[in-house]
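**Student:** Below is one structure. I have some questions about it.
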2 protein chains.
Amino acid sequence: MPTQTFFNLPEAKRQALLDAAIDEFADNSYNHASISRIVARLGIAKGSIYQYFQDKQDLYLYLLDLVIQEKLALLHGVQSPDPQMNIFAFLRRLLRSSADFNFTRPRLAQVAYRAIYDDLPFHDETIARMRAASATYITQLVEQGISQGNIAPEVDPELAVFVISTLSADFGKFIFARLGVDPRTLDGENPLRQHLPEIEQLFDQLVTILEQGLGNRQAGATPGRESQGATDDTR
Amino acid sequence: MPTQTFFNLPEAKRQALLDAAIDEFADNSYNHASISRIVARLGIAKGSIYQYFQDKQDLYLYLLDLVIQEKLALLHGVQSPDPQMNIFAFLRRLLRSSADFNFTRPRLAQVAYRAIYDDLPFHDETIARMRAASATYITQLVEQGISQGNIAPEVDPELAVFVISTLSADFGKFIFARLGVDPRTLDGENPLRQHLPEIEQLFDQLVTILEQGLGNRQAGATPGRESQGATDDTR
DNA sequence: CGGTCATATGACTGTGCGGTCACATGACCG
DNA sequence: CGGTCATGTGACCGCACAGTCATATGACCG
């Protein structure tokens, strides 16, 4: 937990510190990220950081909390208007929101990405929770999909969760690579609004692939490819 | 490149050194892996390592070459008996071989895994090649699948490559997690032969999902789920 | 003004690292 | 034997790091 001193800081300075820290932890693994560099970039004394945070881990975990809070707020904003809605349509919305996060907060998203794949000296402490949170979220979705008949009953549920979460997690990276955009270039305002149609199309295709691959063909609840991209009322 | 001295070493010592190095680079990221620890574990002097390798990077890249060679040898061993074979049947064989590598050489596989996801100080030098090699391999497969009509023509080829390679790359991890096995526990002989039937079944399911998701339904070249797992003559 | 107190400072400590090098060892040879 | 040469050694160097602490600052107050 940050100290009271940190919260007493003038807004601008506190934000500058967070931005610098996010940049550092986005560009470097936890072990390689350097407090010395952060304070050098900010032009403040090393000791100051230790007025605000107990240690490096304290600072890092605070940043990670920011990420989790922002992401959860985002996901909870994606409400299914109809609880009976085909889960693939719902998934399409989730993926779109998730990708929005990558576009609007690419540096924060990078910190989150590292949190999952870096080997932190305290990996089990909070990180596993991130994966778990995301996994349970999708697990619920899959269970709902099975009980509603959207997902083929012969598909192993854990395998379905694996397929969906793995593809969801890496899809953002794929989009960046596909568009030839470097995530470290853009922050906030970005030049990829022009690509939105292409991105939308890729989204629809991915969800269609998932729907085809995992969906229940017998139930008739899952339209085939012939209605591709036209099943989501948000279009 | 290792020095001549390294190759002059007695077989046992050379292998012990490689094993220790593989363990170190499997357990730690490149930056965190420590030459000092390697020599301590081996009970040799630090200077000795520098008789064999120019520096840490030289040692690491040599290990990586070992991984790539072993993996490529493995993949080239998977020959399609029939070049017209449904690419999903072929893919099933590739995945199975790939997973075998994870089981028989888990430490080496872990080094390879880290090579892809770690942020190395020389990331572009050789690492991108690993991804690229794997990607072009799958790209060829996808192109073949499209031209043979196994893959639906309306699917974006790059997206298909993304889906296949992402799932392939992480499937090994999923298997370990699913079975509750810690990759760092086993080496060589392992206690998961007993799970082989379950693993086989998951393989078949994954390939079926891919086939359903990406396959061409019009051409009739891609049997549906009703023939699940029975299309591969290796069964 | 002097006094106080939250805040800021940066020289300093201890630690571990990659890499070096002057020297030791010992197998082999004439 | 002495000499040679490939190989082995570990104290040592420079460096970067996280974290400490005695000291400095300056806003505010009576």
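Just so we're on the same page: first chain in the structure tokens is A, next is B, and so on; residues restart at 1 for each chain, and ligands are numbered from 1 in the order they show up.
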Please identify all residues of chain A having at least one atom at most 7 Å from any atom of chain B, considering only C-alpha atoms, and return them as a PDB file with N, CA, C and O atoms, in the first residue's frame.
**Tutor:**
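Printed below is out.pdb as written:
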```pdb
ATOM      1  N   TYR A 117       3.027 -13.015 -18.052  1.00  0.00           N
ATOM      2  CA  TYR A 117       4.071 -13.848 -18.657  1.00  0.00           C
ATOM      3  C   TYR A 117       5.440 -13.696 -18.009  1.00  0.00           C
ATOM      4  O   TYR A 117       6.286 -14.559 -18.165  1.00  0.00           O
ATOM      5  N   VAL A 163      -9.284 -22.579 -25.108  1.00  0.00           N
ATOM      6  CA  VAL A 163      -9.296 -22.028 -26.466  1.00  0.00           C
ATOM      7  C   VAL A 163      -9.723 -20.563 -26.447  1.00  0.00           C
ATOM      8  O   VAL A 163      -9.054 -19.694 -27.018  1.00  0.00           O
ATOM      9  N   THR A 166      -7.120 -18.262 -24.365  1.00  0.00           N
ATOM     10  CA  THR A 166      -5.834 -18.107 -25.042  1.00  0.00           C
ATOM     11  C   THR A 166      -5.963 -17.172 -26.239  1.00  0.00           C
ATOM     12  O   THR A 166      -5.164 -16.242 -26.404  1.00  0.00           O
ATOM     13  N   LEU A 167      -6.962 -17.411 -27.048  1.00  0.00           N
ATOM     14  CA  LEU A 167      -7.125 -16.568 -28.226  1.00  0.00           C
ATOM     15  C   LEU A 167      -7.471 -15.132 -27.837  1.00  0.00           C
ATOM     16  O   LEU A 167      -6.954 -14.178 -28.423  1.00  0.00           O
ATOM     17  N   ILE A 209     -15.220 -18.169 -36.019  1.00  0.00           N
ATOM     18  CA  ILE A 209     -14.408 -19.386 -35.928  1.00  0.00           C
ATOM     19  C   ILE A 209     -14.697 -20.114 -34.620  1.00  0.00           C
ATOM     20  O   ILE A 209     -14.891 -21.334 -34.595  1.00  0.00           O
ATOM     21  N   LEU A 210     -14.766 -19.344 -33.538  1.00  0.00           N
ATOM     22  CA  LEU A 210     -15.055 -19.957 -32.243  1.00  0.00           C
ATOM     23  C   LEU A 210     -16.441 -20.582 -32.247  1.00  0.00           C
ATOM     24  O   LEU A 210     -16.656 -21.682 -31.737  1.00  0.00           O
ATOM     25  N   GLN A 212     -18.149 -21.640 -34.801  1.00  0.00           N
ATOM     26  CA  GLN A 212     -18.136 -22.852 -35.626  1.00  0.00           C
ATOM     27  C   GLN A 212     -17.445 -23.997 -34.891  1.00  0.00           C
ATOM     28  O   GLN A 212     -17.887 -25.136 -34.934  1.00  0.00           O
ATOM     29  N   GLY A 213     -16.333 -23.647 -34.239  1.00  0.00           N
ATOM     30  CA  GLY A 213     -15.525 -24.691 -33.634  1.00  0.00           C
ATOM     31  C   GLY A 213     -16.142 -25.260 -32.377  1.00  0.00           C
ATOM     32  O   GLY A 213     -16.047 -26.460 -32.118  1.00  0.00           O
ATOM     33  N   LEU A 214     -16.761 -24.396 -31.592  1.00  0.00           N
ATOM     34  CA  LEU A 214     -17.261 -24.817 -30.288  1.00  0.00           C
ATOM     35  C   LEU A 214     -18.773 -24.952 -30.254  1.00  0.00           C
ATOM     36  O   LEU A 214     -19.320 -25.585 -29.351  1.00  0.00           O
TER      37      LEU A 214
END
```
**Student:** Identify all residues of range 30-228 of chain B in helix (DSSP H, G or I) (DSSP on the backbone) and supply them as a PyMOL selection string.
**Tutor:** chain B and resi 35-42+46-52+56-77+87-104+106-117+123-147+157-179+193-214+225-227
**Student:** Can you check which residues of chain D have any atom within 10 Å of chain A? Use only C-alpha atoms (C1' of nucleotides) and format it as a short mmCIF file (atom, residue, chain, number, x, y, z; two decimals) with C-alpha atoms (C1' of nucleotides), in the first residue's frame.
**Tutor:**
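So the final result, stored in iface20.cif, reads:
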```cif
data_model
loop_
_atom_site.label_atom_id
_atom_site.label_comp_id
_atom_site.auth_asym_id
_atom_site.auth_seq_id
_atom_site.Cartn_x
_atom_site.Cartn_y
_atom_site.Cartn_z
"C1'" DA D 16 23.96 -1.42 -11.56
"C1'" DC D 17 20.79 -2.31 -8.51
"C1'" DA D 18 17.35 -1.77 -4.15
"C1'" DG D 19 17.11 0.33 -0.18
"C1'" DT D 20 18.84 3.67 4.01
"C1'" DC D 21 19.43 7.75 6.61
#
```
**Student:** Do you know which residues are at most 9 Å from Ile127 in chain B counting only C-alpha atoms (C1' of nucleotides), after dropping those on the same chain fewer than 5 positions away, and could you put them as a PyMOL selection string?
**Tutor:** chain B and resi 64+115-116+120+122+132
**Student:** Let me make sure I understand: among B:Leu18, B:Leu74, B:Ile151, B:Ile49, which one has the smallest atom-to-atom distance to chain C if we use only C-alpha atoms (C1' of nucleotides)?
**Tutor:**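 Answer, going by the shortest atom-to-atom distance: B:Ile49.
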**Student:** For the contact check between chain D and range 24-27 of chain C, emit one row per residue of chain D within 12 Å, containing the shortest atom pair and the distance in Å rounded to one decimal, counting only C-alpha atoms (C1' of nucleotides), chain then rising number order, as a tab-separated table.
**Tutor:**
```
residue	atom	partner	partner_atom	distance
D:DT4	C1'	C:DA27	C1'	10.6
D:DC5	C1'	C:DA27	C1'	9.7
D:DA6	C1'	C:DA27	C1'	9.4
D:DT7	C1'	C:DT25	C1'	8.4
D:DG8	C1'	C:DT25	C1'	7.4
D:DT9	C1'	C:DA24	C1'	7.3
D:DG10	C1'	C:DA24	C1'	11.0
```
**Student:** Just write the chosen residues, N, CA, C and O atoms (P, O5', C5', C4', C3', O3' and C1' of nucleotides), as a compact mmCIF listing (two decimals), in the first residue's frame.
**Tutor:**
```txt
# COMPACT_ATOMS: atom_id res chain seq x y z
P DT D 4 60.02 -24.13 -23.51
O5' DT D 4 58.63 -24.81 -23.89
C5' DT D 4 58.64 -26.02 -24.67
C4' DT D 4 57.21 -26.47 -24.89
C3' DT D 4 56.20 -25.32 -25.02
O3' DT D 4 55.33 -25.64 -26.08
C1' DT D 4 55.49 -26.85 -23.37
P DC D 5 54.52 -24.51 -26.91
O5' DC D 5 53.02 -25.02 -26.75
C5' DC D 5 52.78 -26.44 -26.69
C4' DC D 5 51.46 -26.69 -26.01
C3' DC D 5 50.49 -25.51 -26.09
O3' DC D 5 49.19 -26.01 -26.30
C1' DC D 5 50.79 -26.13 -23.85
P DA D 6 48.11 -25.19 -27.16
O5' DA D 6 46.77 -25.85 -26.63
C5' DA D 6 46.62 -27.26 -26.69
C4' DA D 6 45.90 -27.75 -25.45
C3' DA D 6 44.56 -27.06 -25.19
O3' DA D 6 43.59 -28.07 -24.92
C1' DA D 6 45.92 -26.93 -23.26
P DT D 7 42.08 -27.70 -24.78
O5' DT D 7 41.94 -27.52 -23.22
C5' DT D 7 42.29 -28.60 -22.36
C4' DT D 7 42.38 -28.14 -20.94
C3' DT D 7 41.13 -27.43 -20.40
O3' DT D 7 40.54 -28.29 -19.45
C1' DT D 7 43.14 -26.44 -19.62
P DG D 8 39.23 -27.84 -18.65
O5' DG D 8 39.82 -27.18 -17.33
C5' DG D 8 40.43 -28.02 -16.36
C4' DG D 8 40.83 -27.18 -15.16
C3' DG D 8 39.69 -26.42 -14.48
O3' DG D 8 39.73 -26.72 -13.10
C1' DG D 8 41.50 -24.97 -14.93
P DT D 9 38.60 -26.15 -12.13
O5' DT D 9 39.28 -24.83 -11.59
C5' DT D 9 40.52 -24.96 -10.90
C4' DT D 9 40.98 -23.60 -10.43
C3' DT D 9 39.88 -22.76 -9.76
O3' DT D 9 40.21 -22.60 -8.40
C1' DT D 9 41.23 -21.46 -11.26
P DG D 10 39.02 -22.65 -7.31
O5' DG D 10 39.04 -21.15 -6.79
C5' DG D 10 40.26 -20.58 -6.37
C4' DG D 10 40.19 -19.07 -6.47
C3' DG D 10 38.88 -18.46 -5.96
O3' DG D 10 39.17 -17.18 -5.42
C1' DG D 10 39.19 -17.83 -8.15
```
**Student:** Residues of chain C within 8 Å of chain B, counting only C-alpha atoms (C1' of nucleotides) - could you list those as an MDAnalysis selection string?
**Tutor:** chainID C and resid 17:19
**Student:** I need the residue nearest Ala99 in chain A from this list: A:Lys173, A:Arg37, A:Arg131, A:His123. Use only C-alpha atoms for the distance.
**Tutor:**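 Counting only C-alpha atoms, the residue closest to Ala99 in chain A is A:Lys173.
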**Student:** Work out how far apart CA of Tyr60 in chain A and CA of Pro10 in chain A are and give it in Å to one decimal.
**Tutor:**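 Taking CA of Tyr60 in chain A and CA of Pro10 in chain A, their separation equals 20.7 Å.
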**Student:** So which residues touch DA8 in chain C within 12 Å, counting only C-alpha atoms (C1' of nucleotides), skipping near sequence neighbours fewer than 2 positions away, as a VMD selection string?
**Tutor:** (chain A and resid 5 43 to 52) or (chain C and resid 6 10) or (chain D and resid 23 to 26)
**Student:** Restricting it to N, CA, C and O atoms (P, O5', C5', C4', C3', O3' and C1' of nucleotides), dump the selection as an mmCIF file, in the first residue's frame.
**Tutor:**
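So part-v4.cif came out as:
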```cif
data_model
loop_
_atom_site.group_PDB
_atom_site.id
_atom_site.type_symbol
_atom_site.label_atom_id
_atom_site.label_comp_id
_atom_site.auth_asym_id
_atom_site.auth_seq_id
_atom_site.Cartn_x
_atom_site.Cartn_y
_atom_site.Cartn_z
ATOM 1 N N THR A 5 1.553 9.975 2.419
ATOM 2 C CA THR A 5 2.342 10.989 1.718
ATOM 3 C C THR A 5 2.072 10.963 0.215
ATOM 4 O O THR A 5 1.941 12.000 -0.427
ATOM 5 N N GLY A 43 13.353 13.269 -12.444
ATOM 6 C CA GLY A 43 14.157 14.343 -11.888
ATOM 7 C C GLY A 43 13.929 14.544 -10.393
ATOM 8 O O GLY A 43 14.046 15.658 -9.887
ATOM 9 N N ILE A 44 13.577 13.475 -9.688
ATOM 10 C CA ILE A 44 13.433 13.557 -8.234
ATOM 11 C C ILE A 44 14.453 12.638 -7.581
ATOM 12 O O ILE A 44 15.109 11.857 -8.261
ATOM 13 N N ALA A 45 14.558 12.747 -6.267
ATOM 14 C CA ALA A 45 15.551 11.954 -5.547
ATOM 15 C C ALA A 45 15.036 10.531 -5.343
ATOM 16 O O ALA A 45 13.832 10.291 -5.258
ATOM 17 N N LYS A 46 15.967 9.606 -5.286
ATOM 18 C CA LYS A 46 15.598 8.211 -5.088
ATOM 19 C C LYS A 46 14.787 8.033 -3.804
ATOM 20 O O LYS A 46 13.789 7.302 -3.756
ATOM 21 N N GLY A 47 15.235 8.737 -2.754
ATOM 22 C CA GLY A 47 14.573 8.591 -1.465
ATOM 23 C C GLY A 47 13.093 8.926 -1.514
ATOM 24 O O GLY A 47 12.297 8.365 -0.757
ATOM 25 N N SER A 48 12.728 9.829 -2.413
ATOM 26 C CA SER A 48 11.326 10.244 -2.482
ATOM 27 C C SER A 48 10.400 9.067 -2.737
ATOM 28 O O SER A 48 9.348 8.939 -2.101
ATOM 29 N N ILE A 49 10.785 8.227 -3.672
ATOM 30 C CA ILE A 49 9.947 7.072 -3.985
ATOM 31 C C ILE A 49 9.658 6.279 -2.718
ATOM 32 O O ILE A 49 8.548 5.798 -2.513
ATOM 33 N N TYR A 50 10.661 6.209 -1.855
ATOM 34 C CA TYR A 50 10.501 5.417 -0.633
ATOM 35 C C TYR A 50 9.746 6.177 0.448
ATOM 36 O O TYR A 50 9.511 5.645 1.528
ATOM 37 N N GLN A 51 9.393 7.425 0.149
ATOM 38 C CA GLN A 51 8.438 8.131 0.994
ATOM 39 C C GLN A 51 7.020 7.728 0.612
ATOM 40 O O GLN A 51 6.090 7.887 1.404
ATOM 41 N N TYR A 52 6.863 7.258 -0.640
ATOM 42 C CA TYR A 52 5.525 6.974 -1.156
ATOM 43 C C TYR A 52 5.178 5.489 -1.093
ATOM 44 O O TYR A 52 4.029 5.123 -0.872
ATOM 45 P P DA C 6 4.091 15.578 10.678
ATOM 46 O "O5'" DA C 6 3.835 15.433 9.117
ATOM 47 C "C5'" DA C 6 2.994 16.378 8.478
ATOM 48 C "C4'" DA C 6 3.577 16.747 7.128
ATOM 49 C "C3'" DA C 6 3.903 15.550 6.239
ATOM 50 O "O3'" DA C 6 3.388 15.809 4.944
ATOM 51 C "C1'" DA C 6 5.798 16.950 6.429
ATOM 52 P P DG C 10 19.508 15.867 -5.022
ATOM 53 O "O5'" DG C 10 20.752 14.949 -4.668
ATOM 54 C "C5'" DG C 10 21.643 15.357 -3.648
ATOM 55 C "C4'" DG C 10 22.388 14.147 -3.119
ATOM 56 C "C3'" DG C 10 22.850 13.165 -4.196
ATOM 57 O "O3'" DG C 10 24.074 12.589 -3.761
ATOM 58 C "C1'" DG C 10 21.520 12.042 -2.693
ATOM 59 P P DT D 23 23.790 14.505 10.486
ATOM 60 O "O5'" DT D 23 23.149 15.421 9.346
ATOM 61 C "C5'" DT D 23 23.681 15.333 8.022
ATOM 62 C "C4'" DT D 23 22.733 16.011 7.077
ATOM 63 C "C3'" DT D 23 22.317 17.428 7.493
ATOM 64 O "O3'" DT D 23 22.844 18.337 6.548
ATOM 65 C "C1'" DT D 23 20.513 16.167 6.589
ATOM 66 P P DA D 24 22.572 19.937 6.704
ATOM 67 O "O5'" DA D 24 21.412 20.183 5.648
ATOM 68 C "C5'" DA D 24 21.635 19.850 4.275
ATOM 69 C "C4'" DA D 24 20.382 20.162 3.483
ATOM 70 C "C3'" DA D 24 19.858 21.590 3.652
ATOM 71 O "O3'" DA D 24 19.613 22.121 2.362
ATOM 72 C "C1'" DA D 24 18.136 20.024 4.089
ATOM 73 P P DT D 25 19.194 23.688 2.200
ATOM 74 O "O5'" DT D 25 17.623 23.619 1.999
ATOM 75 C "C5'" DT D 25 17.095 22.875 0.892
ATOM 76 C "C4'" DT D 25 15.595 22.826 1.035
ATOM 77 C "C3'" DT D 25 14.929 24.204 1.213
ATOM 78 O "O3'" DT D 25 14.047 24.402 0.138
ATOM 79 C "C1'" DT D 25 14.053 22.592 2.709
ATOM 80 P P DG D 26 13.722 25.902 -0.361
ATOM 81 O "O5'" DG D 26 12.154 25.985 -0.154
ATOM 82 C "C5'" DG D 26 11.373 24.795 -0.089
ATOM 83 C "C4'" DG D 26 10.168 25.032 0.829
ATOM 84 C "C3'" DG D 26 9.860 26.503 1.119
ATOM 85 O "O3'" DG D 26 8.457 26.613 1.300
ATOM 86 C "C1'" DG D 26 10.167 25.416 3.112
#
```
**Student:** List as a PyMOL selection string the protein and nucleic acid residues near DA22 in chain D, meaning an atom at most 12 Å away when only C-alpha atoms (C1' of nucleotides) are counted, but skip any in the same chain fewer than 5 places from it.
**Tutor:** chain C and resi 9-12
**Student:** Provide the CA of Gln84 in chain B to CA of Thr136 in chain B distance in Å, to one decimal place.
**Tutor:**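 Between CA of Gln84 in chain B and CA of Thr136 in chain B the gap works out to 19.5 Å.
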